[in-house]
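K.L.:
Take a look at protein-v6.pdb, PDB, C-alpha atoms:
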ATOM      1  CA  MET A  87     296.363 186.116  42.215
ATOM      2  CA  ARG A  88     296.421 188.797  39.535
ATOM      3  CA  ASN A  89     295.265 191.387  42.079
ATOM      4  CA  TRP A  90     298.096 190.751  44.548
ATOM      5  CA  LYS A  91     299.538 194.225  43.987
ATOM      6  CA  TYR A  92     296.236 195.782  45.046
ATOM      7  CA  MET A  93     296.134 193.561  48.112
ATOM      8  CA  VAL A  94     299.662 194.637  49.064
ATOM      9  CA  ALA A  95     298.750 198.290  48.560
ATOM     10  CA  ALA A  96     295.604 197.897  50.687
ATOM     11  CA  ALA A  97     297.618 196.209  53.447
ATOM     12  CA  ALA A  98     300.210 198.989  53.302
ATOM     13  CA  ILE A  99     297.530 201.662  53.589
ATOM     14  CA  GLY A 100     295.988 199.809  56.524
ATOM     15  CA  LEU A 101     299.369 199.626  58.234
ATOM     16  CA  ALA A 102     299.920 203.327  57.548
ATOM     17  CA  ALA A 103     296.571 204.213  59.092
ATOM     18  CA  PHE A 104     297.360 202.139  62.185
ATOM     19  CA  LEU A 105     300.816 203.659  62.631
ATOM     20  CA  LEU A 106     299.560 207.196  62.149
ATOM     21  CA  TYR A 107     296.673 206.606  64.557
ATOM     22  CA  ARG A 108     299.059 205.193  67.163
ATOM     23  CA  THR A 109     301.318 208.212  66.733
ATOM     24  CA  LEU A 110     298.614 210.899  66.888
ATOM     25  CA  SER A 111     295.979 209.332  69.159
ATOM     26  CA  ARG A 112     297.391 210.761  72.387
ATOM     27  CA  TYR A 113     297.101 214.332  71.114
ATOM     28  CA  SER A 114     294.017 216.518  70.836
ATOM     29  CA  LEU A 115     293.370 218.701  67.781
ATOM     30  CA  ASP A 116     294.216 221.825  69.780
ATOM     31  CA  GLU A 117     297.528 220.295  70.886
ATOM     32  CA  LEU A 118     298.402 219.419  67.281
ATOM     33  CA  ILE A 119     297.588 222.918  66.027
ATOM     34  CA  GLY A 120     299.571 224.464  68.875
ATOM     35  CA  ALA A 121     302.553 222.208  68.207
ATOM     36  CA  VAL A 122     302.696 223.248  64.557
ATOM     37  CA  ALA A 123     302.230 226.920  65.412
ATOM     38  CA  ALA A 124     305.168 226.682  67.849
ATOM     39  CA  VAL A 125     307.604 226.114  64.985
ATOM     40  CA  PRO A 126     309.310 229.497  64.309
ATOM     41  CA  THR A 127     308.759 231.074  60.902
ATOM     42  CA  ALA A 128     312.486 230.991  60.140
ATOM     43  CA  LYS A 129     312.629 227.229  60.727
ATOM     44  CA  LEU A 130     309.492 226.727  58.654
ATOM     45  CA  ALA A 131     311.036 228.732  55.807
ATOM     46  CA  GLY A 132     314.266 226.743  56.112
ATOM     47  CA  ALA A 133     312.403 223.448  55.951
ATOM     48  CA  ALA A 134     310.464 224.626  52.896
ATOM     49  CA  GLY A 135     313.666 225.784  51.202
ATOM     50  CA  PHE A 136     315.413 222.453  51.719
ATOM     51  CA  ALA A 137     312.295 220.613  50.494
ATOM     52  CA  ALA A 138     312.353 222.692  47.301
ATOM     53  CA  ALA A 139     316.079 221.998  46.901
ATOM     54  CA  SER A 140     315.408 218.265  47.246
ATOM     55  CA  TYR A 141     312.754 218.230  44.535
ATOM     56  CA  MET A 142     315.019 220.250  42.253
ATOM     57  CA  THR A 143     317.764 217.684  42.802
ATOM     58  CA  LEU A 144     315.311 214.891  42.045
ATOM     59  CA  THR A 145     314.747 216.328  38.569
ATOM     60  CA  PHE A 146     318.334 215.380  37.717
ATOM     61  CA  PHE A 147     317.466 211.736  38.425
ATOM     62  CA  ASP A 148     315.344 211.744  35.278
ATOM     63  CA  TYR A 149     317.734 213.971  33.341
ATOM     64  CA  LEU A 150     320.545 211.455  33.867
ATOM     65  CA  ALA A 151     318.242 208.474  33.306
ATOM     66  CA  LEU A 152     317.182 209.781  29.911
ATOM     67  CA  ARG A 153     320.823 210.014  28.881
ATOM     68  CA  TYR A 154     321.336 206.477  30.167
ATOM     69  CA  VAL A 155     318.649 205.096  27.830
ATOM     70  CA  GLY A 156     320.022 207.162  24.917
ATOM     71  CA  ARG A 157     316.955 209.436  24.715
ATOM     72  CA  PRO A 158     318.108 212.764  26.182
ATOM     73  CA  LEU A 159     315.453 215.436  26.546
ATOM     74  CA  PRO A 160     315.780 219.139  27.377
ATOM     75  CA  TYR A 161     315.988 219.716  31.130
ATOM     76  CA  PRO A 162     312.583 221.493  31.406
ATOM     77  CA  LYS A 163     310.819 218.423  30.018
ATOM     78  CA  ALA A 164     312.711 216.038  32.298
ATOM     79  CA  ALA A 165     312.031 218.321  35.265
ATOM     80  CA  LEU A 166     308.302 218.507  34.525
ATOM     81  CA  ALA A 167     307.940 214.741  34.262
ATOM     82  CA  SER A 168     310.139 214.110  37.307
ATOM     83  CA  PHE A 169     308.469 216.561  39.673
ATOM     84  CA  THR A 170     304.956 215.547  38.658
ATOM     85  CA  ALA A 171     305.726 211.838  38.947
ATOM     86  CA  LEU A 172     307.589 212.022  42.254
ATOM     87  CA  SER A 173     305.313 214.523  44.005
ATOM     88  CA  LEU A 174     302.444 212.115  43.329
ATOM     89  CA  GLY A 175     304.430 208.894  43.791
ATOM     90  CA  HIS A 176     305.827 209.925  47.182
ATOM     91  CA  ASN A 177     302.275 210.180  48.517
ATOM     92  CA  ILE A 178     300.575 207.330  46.668
ATOM     93  CA  GLY A 179     303.147 204.706  47.658
ATOM     94  CA  LEU A 180     304.517 201.784  45.623
ATOM     95  CA  ALA A 181     306.650 204.485  44.025
ATOM     96  CA  ALA A 182     308.080 202.382  41.205
ATOM     97  CA  LEU A 183     304.554 201.706  39.953
ATOM     98  CA  SER A 184     302.828 204.989  40.749
ATOM     99  CA  SER A 185     305.567 207.379  39.649
ATOM    100  CA  GLY A 186     306.403 205.008  36.788
ATOM    101  CA  ALA A 187     302.853 205.294  35.454
ATOM    102  CA  VAL A 188     303.029 209.088  35.509
ATOM    103  CA  ARG A 189     306.450 209.044  33.853
ATOM    104  CA  TYR A 190     305.100 206.788  31.126
ATOM    105  CA  ARG A 191     302.268 209.245  30.547
ATOM    106  CA  PHE A 192     304.836 211.959  29.791
ATOM    107  CA  TYR A 193     307.684 210.100  28.137
ATOM    108  CA  SER A 194     305.591 207.948  25.815
ATOM    109  CA  ARG A 195     304.392 211.168  24.202
ATOM    110  CA  TRP A 196     307.976 212.283  23.749
ATOM    111  CA  GLY A 197     308.812 209.147  21.784
ATOM    112  CA  LEU A 198     310.095 206.734  24.443
ATOM    113  CA  THR A 199     308.985 203.123  24.369
ATOM    114  CA  ALA A 200     307.577 201.262  27.364
ATOM    115  CA  GLY A 201     310.902 199.435  27.731
ATOM    116  CA  GLU A 202     312.837 202.697  27.764
ATOM    117  CA  VAL A 203     310.523 204.190  30.386
ATOM    118  CA  ALA A 204     311.022 201.053  32.495
ATOM    119  CA  LYS A 205     314.790 201.576  32.253
ATOM    120  CA  VAL A 206     314.322 205.183  33.390
ATOM    121  CA  VAL A 207     312.356 203.988  36.420
ATOM    122  CA  VAL A 208     314.993 201.371  37.306
ATOM    123  CA  PHE A 209     317.830 203.882  36.866
ATOM    124  CA  CYS A 210     316.068 206.359  39.169
ATOM    125  CA  GLY A 211     315.403 203.624  41.721
ATOM    126  CA  ILE A 212     319.077 202.692  41.765
ATOM    127  CA  THR A 213     319.953 206.375  42.208
ATOM    128  CA  VAL A 214     317.673 206.503  45.257
ATOM    129  CA  GLY A 215     319.404 203.483  46.758
ATOM    130  CA  LEU A 216     322.883 204.853  46.088
ATOM    131  CA  GLY A 217     322.014 208.155  47.727
ATOM    132  CA  LEU A 218     320.442 206.487  50.737
ATOM    133  CA  LEU A 219     323.453 204.221  51.246
ATOM    134  CA  THR A 220     326.006 207.006  50.786
ATOM    135  CA  LEU A 221     324.356 209.441  53.201
ATOM    136  CA  GLY A 222     323.595 206.676  55.701
ATOM    137  CA  GLY A 223     327.132 205.311  55.613
ATOM    138  CA  ALA A 224     328.662 208.765  55.992
ATOM    139  CA  ALA A 225     326.398 209.642  58.926
ATOM    140  CA  LEU A 226     327.095 206.351  60.709
ATOM    141  CA  LEU A 227     330.880 206.644  60.338
ATOM    142  CA  LEU A 228     331.271 210.390  60.925
ATOM    143  CA  ARG A 229     329.136 210.368  64.080
ATOM    144  CA  THR A 230     329.434 206.779  65.269
ATOM    145  CA  SER A 231     328.897 207.587  68.937
ATOM    146  CA  LEU A 232     325.773 209.575  68.128
ATOM    147  CA  ALA A 233     324.455 206.740  65.966
ATOM    148  CA  VAL A 234     325.113 204.294  68.827
ATOM    149  CA  GLU A 235     323.194 206.529  71.222
ATOM    150  CA  ILE A 236     320.251 206.984  68.875
ATOM    151  CA  THR A 237     319.901 203.441  67.559
ATOM    152  CA  GLY A 238     321.014 201.485  70.617
ATOM    153  CA  LEU A 239     323.292 199.320  68.460
ATOM    154  CA  ARG A 240     326.835 198.445  69.522
ATOM    155  CA  GLN A 241     329.668 200.505  68.080
ATOM    156  CA  PRO A 242     331.285 197.682  66.036
ATOM    157  CA  LEU A 243     327.940 196.942  64.394
ATOM    158  CA  VAL A 244     327.353 200.625  63.589
ATOM    159  CA  ILE A 245     330.826 200.850  62.037
ATOM    160  CA  ALA A 246     330.225 197.666  60.052
ATOM    161  CA  LEU A 247     326.878 198.963  58.809
ATOM    162  CA  GLY A 248     328.397 202.299  57.832
ATOM    163  CA  THR A 249     331.257 200.623  56.006
ATOM    164  CA  GLY A 250     328.879 198.272  54.225
ATOM    165  CA  CYS A 251     326.659 201.157  53.168
ATOM    166  CA  LEU A 252     329.584 203.005  51.582
ATOM    167  CA  ALA A 253     331.035 199.868  50.023
ATOM    168  CA  ILE A 254     328.019 199.290  47.783
ATOM    169  CA  PRO A 255     328.211 202.659  45.934
ATOM    170  CA  LEU A 256     331.973 202.137  45.613
ATOM    171  CA  ILE A 257     331.460 198.700  44.046
ATOM    172  CA  TYR A 258     328.870 200.239  41.714
ATOM    173  CA  LEU A 259     331.387 202.852  40.551
ATOM    174  CA  VAL A 260     334.029 200.168  39.991
ATOM    175  CA  LEU A 261     331.584 198.161  37.874
ATOM    176  CA  ALA A 262     330.728 201.271  35.870
ATOM    177  CA  ALA A 263     334.422 201.860  35.224
ATOM    178  CA  LEU A 264     335.297 198.286  34.249
ATOM    179  CA  VAL A 265     332.216 196.483  32.928
ATOM    180  CA  ARG A 266     331.148 197.097  29.344
ATOM    181  CA  SER A 267     328.731 194.230  28.686
ATOM    182  CA  PRO A 268     325.294 193.965  30.350
ATOM    183  CA  LEU A 269     325.058 192.145  33.687
ATOM    184  CA  ARG A 270     322.836 189.077  33.644
ATOM    185  CA  ILE A 271     320.558 188.884  36.721
ATOM    186  CA  ARG A 272     318.281 185.873  36.324
ATOM    187  CA  ARG A 273     316.170 186.727  33.270
ATOM    188  CA  TRP A 274     317.125 190.378  33.250
ATOM    189  CA  ASN A 275     319.975 192.132  31.484
ATOM    190  CA  LEU A 276     321.136 195.254  33.312
ATOM    191  CA  GLU A 277     323.226 197.635  31.266
ATOM    192  CA  VAL A 278     325.866 199.237  33.463
ATOM    193  CA  PRO A 279     325.993 203.023  32.966
ATOM    194  CA  SER A 280     329.138 204.893  32.049
ATOM    195  CA  LEU A 281     331.361 205.965  34.929
ATOM    196  CA  ARG A 282     330.331 209.573  34.356
ATOM    197  CA  LEU A 283     326.652 208.737  34.754
ATOM    198  CA  ALA A 284     327.341 206.486  37.748
ATOM    199  CA  ILE A 285     329.212 209.291  39.520
ATOM    200  CA  GLY A 286     326.272 211.568  38.742
ATOM    201  CA  GLN A 287     323.898 209.037  40.312
ATOM    202  CA  VAL A 288     325.904 208.841  43.528
ATOM    203  CA  LEU A 289     326.207 212.623  43.739
ATOM    204  CA  VAL A 290     322.612 213.608  43.027
ATOM    205  CA  GLY A 291     321.260 210.715  45.106
ATOM    206  CA  SER A 292     323.354 211.759  48.103
ATOM    207  CA  ILE A 293     322.609 215.467  47.695
ATOM    208  CA  ASN A 294     318.888 214.763  47.513
ATOM    209  CA  PHE A 295     318.821 212.846  50.791
ATOM    210  CA  ALA A 296     321.086 215.426  52.404
ATOM    211  CA  PHE A 297     318.493 218.076  51.538
ATOM    212  CA  VAL A 298     315.608 215.939  52.834
ATOM    213  CA  ALA A 299     317.469 215.321  56.101
ATOM    214  CA  ALA A 300     318.160 219.068  56.307
ATOM    215  CA  CYS A 301     314.430 219.728  55.853
ATOM    216  CA  LEU A 302     313.616 217.375  58.733
ATOM    217  CA  HIS A 303     316.459 218.849  60.815
ATOM    218  CA  GLN A 304     315.094 222.377  60.394
ATOM    219  CA  ALA A 305     311.696 221.227  61.641
ATOM    220  CA  LEU A 306     313.109 219.286  64.614
ATOM    221  CA  ALA A 307     315.593 222.030  65.543
ATOM    222  CA  ALA A 308     312.648 224.279  66.348
ATOM    223  CA  ILE A 309     312.062 222.402  69.593
ATOM    224  CA  ALA A 310     315.049 220.096  70.123
ATOM    225  CA  ASP A 311     318.812 220.523  70.136
ATOM    226  CA  VAL A 312     319.653 217.795  67.628
ATOM    227  CA  ALA A 313     322.720 217.451  65.409
ATOM    228  CA  TYR A 314     322.252 217.332  61.647
ATOM    229  CA  LEU A 315     324.137 214.031  61.252
ATOM    230  CA  GLY A 316     322.021 212.512  64.004
ATOM    231  CA  VAL A 317     318.865 213.533  62.181
ATOM    232  CA  ALA A 318     320.365 212.220  58.926
ATOM    233  CA  SER A 319     321.017 208.832  60.569
ATOM    234  CA  VAL A 320     317.463 208.646  61.889
ATOM    235  CA  TYR A 321     315.971 209.737  58.581
ATOM    236  CA  VAL A 322     317.935 207.111  56.658
ATOM    237  CA  ILE A 323     316.542 204.426  58.976
ATOM    238  CA  ALA A 324     313.018 205.830  58.734
ATOM    239  CA  ASN A 325     313.145 206.225  54.970
ATOM    240  CA  ALA A 326     314.558 202.736  54.469
ATOM    241  CA  THR A 327     311.677 201.388  56.569
ATOM    242  CA  ALA A 328     309.174 203.372  54.500
ATOM    243  CA  LEU A 329     310.674 202.145  51.218
ATOM    244  CA  VAL A 330     310.529 198.516  52.339
ATOM    245  CA  SER A 331     306.919 198.844  53.535
ATOM    246  CA  HIS A 332     305.805 200.791  50.413
ATOM    247  CA  VAL A 333     303.513 202.821  52.697
ATOM    248  CA  PRO A 334     302.205 205.929  50.882
ATOM    249  CA  GLY A 335     304.491 208.834  51.748
ATOM    250  CA  GLY A 336     305.938 206.760  54.574
ATOM    251  CA  LEU A 337     302.709 207.728  56.323
ATOM    252  CA  GLY A 338     303.081 206.944  60.017
ATOM    253  CA  VAL A 339     306.329 205.028  59.461
ATOM    254  CA  ILE A 340     308.612 208.063  59.413
ATOM    255  CA  GLU A 341     306.822 209.604  62.384
ATOM    256  CA  SER A 342     306.897 206.395  64.401
ATOM    257  CA  VAL A 343     310.579 205.657  63.720
ATOM    258  CA  VAL A 344     311.719 209.224  64.439
ATOM    259  CA  MET A 345     309.697 209.425  67.662
ATOM    260  CA  TYR A 346     311.010 206.029  68.763
ATOM    261  CA  LEU A 347     314.646 206.859  68.083
ATOM    262  CA  LEU A 348     314.364 210.431  69.364
ATOM    263  CA  PRO A 349     311.879 209.992  72.240
ATOM    264  CA  GLN A 350     310.642 213.502  72.973
ATOM    265  CA  ALA A 351     306.983 214.223  73.638
ATOM    266  CA  ASP A 352     306.858 217.431  71.604
ATOM    267  CA  LEU A 353     308.222 216.122  68.297
ATOM    268  CA  ILE A 354     304.786 215.756  66.715
ATOM    269  CA  GLY A 355     304.560 219.430  65.658
ATOM    270  CA  PRO A 356     307.853 219.474  63.754
ATOM    271  CA  LEU A 357     307.037 216.100  62.189
ATOM    272  CA  LEU A 358     303.717 217.456  60.926
ATOM    273  CA  VAL A 359     305.531 220.504  59.548
ATOM    274  CA  PHE A 360     307.987 218.199  57.747
ATOM    275  CA  ARG A 361     305.157 216.165  56.251
ATOM    276  CA  PHE A 362     303.340 219.318  55.182
ATOM    277  CA  VAL A 363     306.277 220.997  53.407
ATOM    278  CA  TYR A 364     307.852 217.854  51.915
ATOM    279  CA  PHE A 365     304.802 215.775  51.006
ATOM    280  CA  LEU A 366     301.528 217.711  50.998
ATOM    281  CA  VAL A 367     302.601 220.976  49.319
ATOM    282  CA  PRO A 368     304.428 219.147  46.484
ATOM    283  CA  LEU A 369     301.436 216.815  46.164
ATOM    284  CA  ALA A 370     299.121 219.786  45.603
ATOM    285  CA  LEU A 371     301.512 221.395  43.111
ATOM    286  CA  GLY A 372     302.154 218.120  41.294
ATOM    287  CA  GLY A 373     298.442 217.390  41.045
ATOM    288  CA  LEU A 374     297.768 220.816  39.555
ATOM    289  CA  LEU A 375     300.644 220.420  37.078
ATOM    290  CA  PHE A 376     299.455 216.985  36.021
ATOM    291  CA  ALA A 377     295.880 218.229  35.526
ATOM    292  CA  ALA A 378     297.118 221.254  33.575
ATOM    293  CA  THR A 379     299.320 219.188  31.262
ATOM    294  CA  GLU A 380     296.526 216.697  30.644
ATOM    295  CA  LEU A 381     294.183 219.579  29.771
ATOM    296  CA  ILE A 382     296.746 221.078  27.392
ATOM    297  CA  LEU A 383     297.403 217.701  25.810
ATOM    298  CA  GLY A 384     293.703 217.151  25.270
ATOM    299  CA  ARG A 385     293.493 220.396  23.320
ATOM    300  CA  GLN A 386     296.606 219.519  21.299
ATOM    301  CA  GLY A 387     295.334 216.099  20.365
ATOM    302  CA  GLY A 388     297.138 214.185  23.106
ATOM    303  CA  THR A 389     300.746 214.540  21.976
ATOM    304  CA  TYR A 390     303.761 216.552  23.001
ATOM    305  CA  PRO A 391     306.127 217.970  20.440
ATOM    306  CA  ALA A 392     308.584 215.186  19.658
ATOM    307  CA  ASN A 393     312.214 215.534  20.565
ATOM    308  CA  PRO A 394     314.357 214.722  17.547
ATOM    309  CA  ARG A 395     317.513 214.249  19.542
ATOM    310  CA  VAL A 396     318.488 210.658  20.148
ATOM    311  CA  GLY A 397     321.889 210.386  21.731
ATOM    312  CA  ALA A 398     324.189 207.790  23.161
ATOM    313  CA  LYS A 399     324.990 207.320  26.813
ATOM    314  CA  ALA A 400     327.100 210.041  28.310
TER
END
Do you think you could lay out the structure here as structure tokens?

P.N.:
Amino acid sequence: MRNWKYMVAAAAIGLAAFLLYRTLSRYSLDELIGAVAAVPTAKLAGAAGFAAASYMTLTFFDYLALRYVGRPLPYPKAALASFTALSLGHNIGLAALSSGAVRYRFYSRWGLTAGEVAKVVVFCGITVGLGLLTLGGAALLLRTSLAVEITGLRQPLVIALGTGCLAIPLIYLVLAALVRSPLRIRRWNLEVPSLRLAIGQVLVGSINFAFVAACLHQALAAIADVAYLGVASVYVIANATALVSHVPGGLGVIESVVMYLLPQADLIGPLLVFRFVYFLVPLALGGLLFAATELILGRQGGTYPANPRVGAKA
């Protein structure tokens, strides 16, 4: 059973291939090319701009996490490790493992231990969850009727879901303000961050997903009159599904969920544009950066200049 992770990954990739095939099979290559070409340049530029803003926001996940573990690094270093890890991890799938491995490659050379890198990964994962819950809760409560129309759920359930989503980040902030000793969860001890760091997590997590939803909205707005909060609600559902399935890049999952909840025959072009600007372009850039840093490290003997600063939690 030692290879169960590989079996799960293989199953996820198989599911992704099936979902993507089911989504694209009714279109010819010419129809797909035409659908992408139909997206106006201004919308394409807007989607690319919001994608860039999202990845910039993601760099602060690591910046805050490094302060959480008491090993703060200069922002350029945190940004390099974050972008490289996440641009690859978003596409590989099993993000905690894939992006965690890339992070370890960087941070271990800057003096962090394996345990500290693991804490960075957990901190960033919690930040993702807080952002997803905050944006999802806000979208469900601010546009309840739209969420009802899109999801088909009854209004009381939508309101309950929205309230529950927002309650979790609030509880997290309360714990950060009041709890000083580590929380014991089975065999694990989870150190609660300072209130300042916890607020930073909620803010950057929410801003990141707001930018991603804006990227998707720009692509969809090219051919459909859809409200931003409606797109945000759909994206939260799609992204939550992708996170649970661990499918690489949400491949096929995001497309299938969006097309199911927003049933319009011509959505495939904008969805391909979204995948191109948010997943494939960063993947290419991240791969080049990773190869370049590995080449530089090889010439320098495999180590980065150490960072002498070791600080406490903010």

K.L.:
One decimal, in Å: what's the spacing between CA of Leu166 in chain A and CA of Phe136 in chain A?

P.N.:
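Here the two named atoms are 19.0 Å from each other.
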
K.L.:
For the atom pair CA of Val363 in chain A and CA of Thr379 in chain A, what is the interatomic distance in Å to one decimal place?

P.N.:
23.3 Å

K.L.:
To one decimal place in Å, what is the distance between CA of Ala139 in chain A and CA of Val290 in chain A?

P.N.:
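Those two atoms sit 11.3 Å apart.
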
K.L.:
Name all residues at most 7 Å from range 309-323 of chain A (count only C-alpha atoms; drop same-chain ones fewer than 4 positions away) and give them as a PyMOL selection string.

P.N.:
chain A and resi 218+222+225-226+229+232-233+299-300+303+327+344

K.L.:
Which residue gives the smallest distance to Ser194 in chain A among A:Ala167, A:Pro160, A:Thr220, A:Thr143, with all atoms listed in the file counted?

P.N.:
A:Ala167
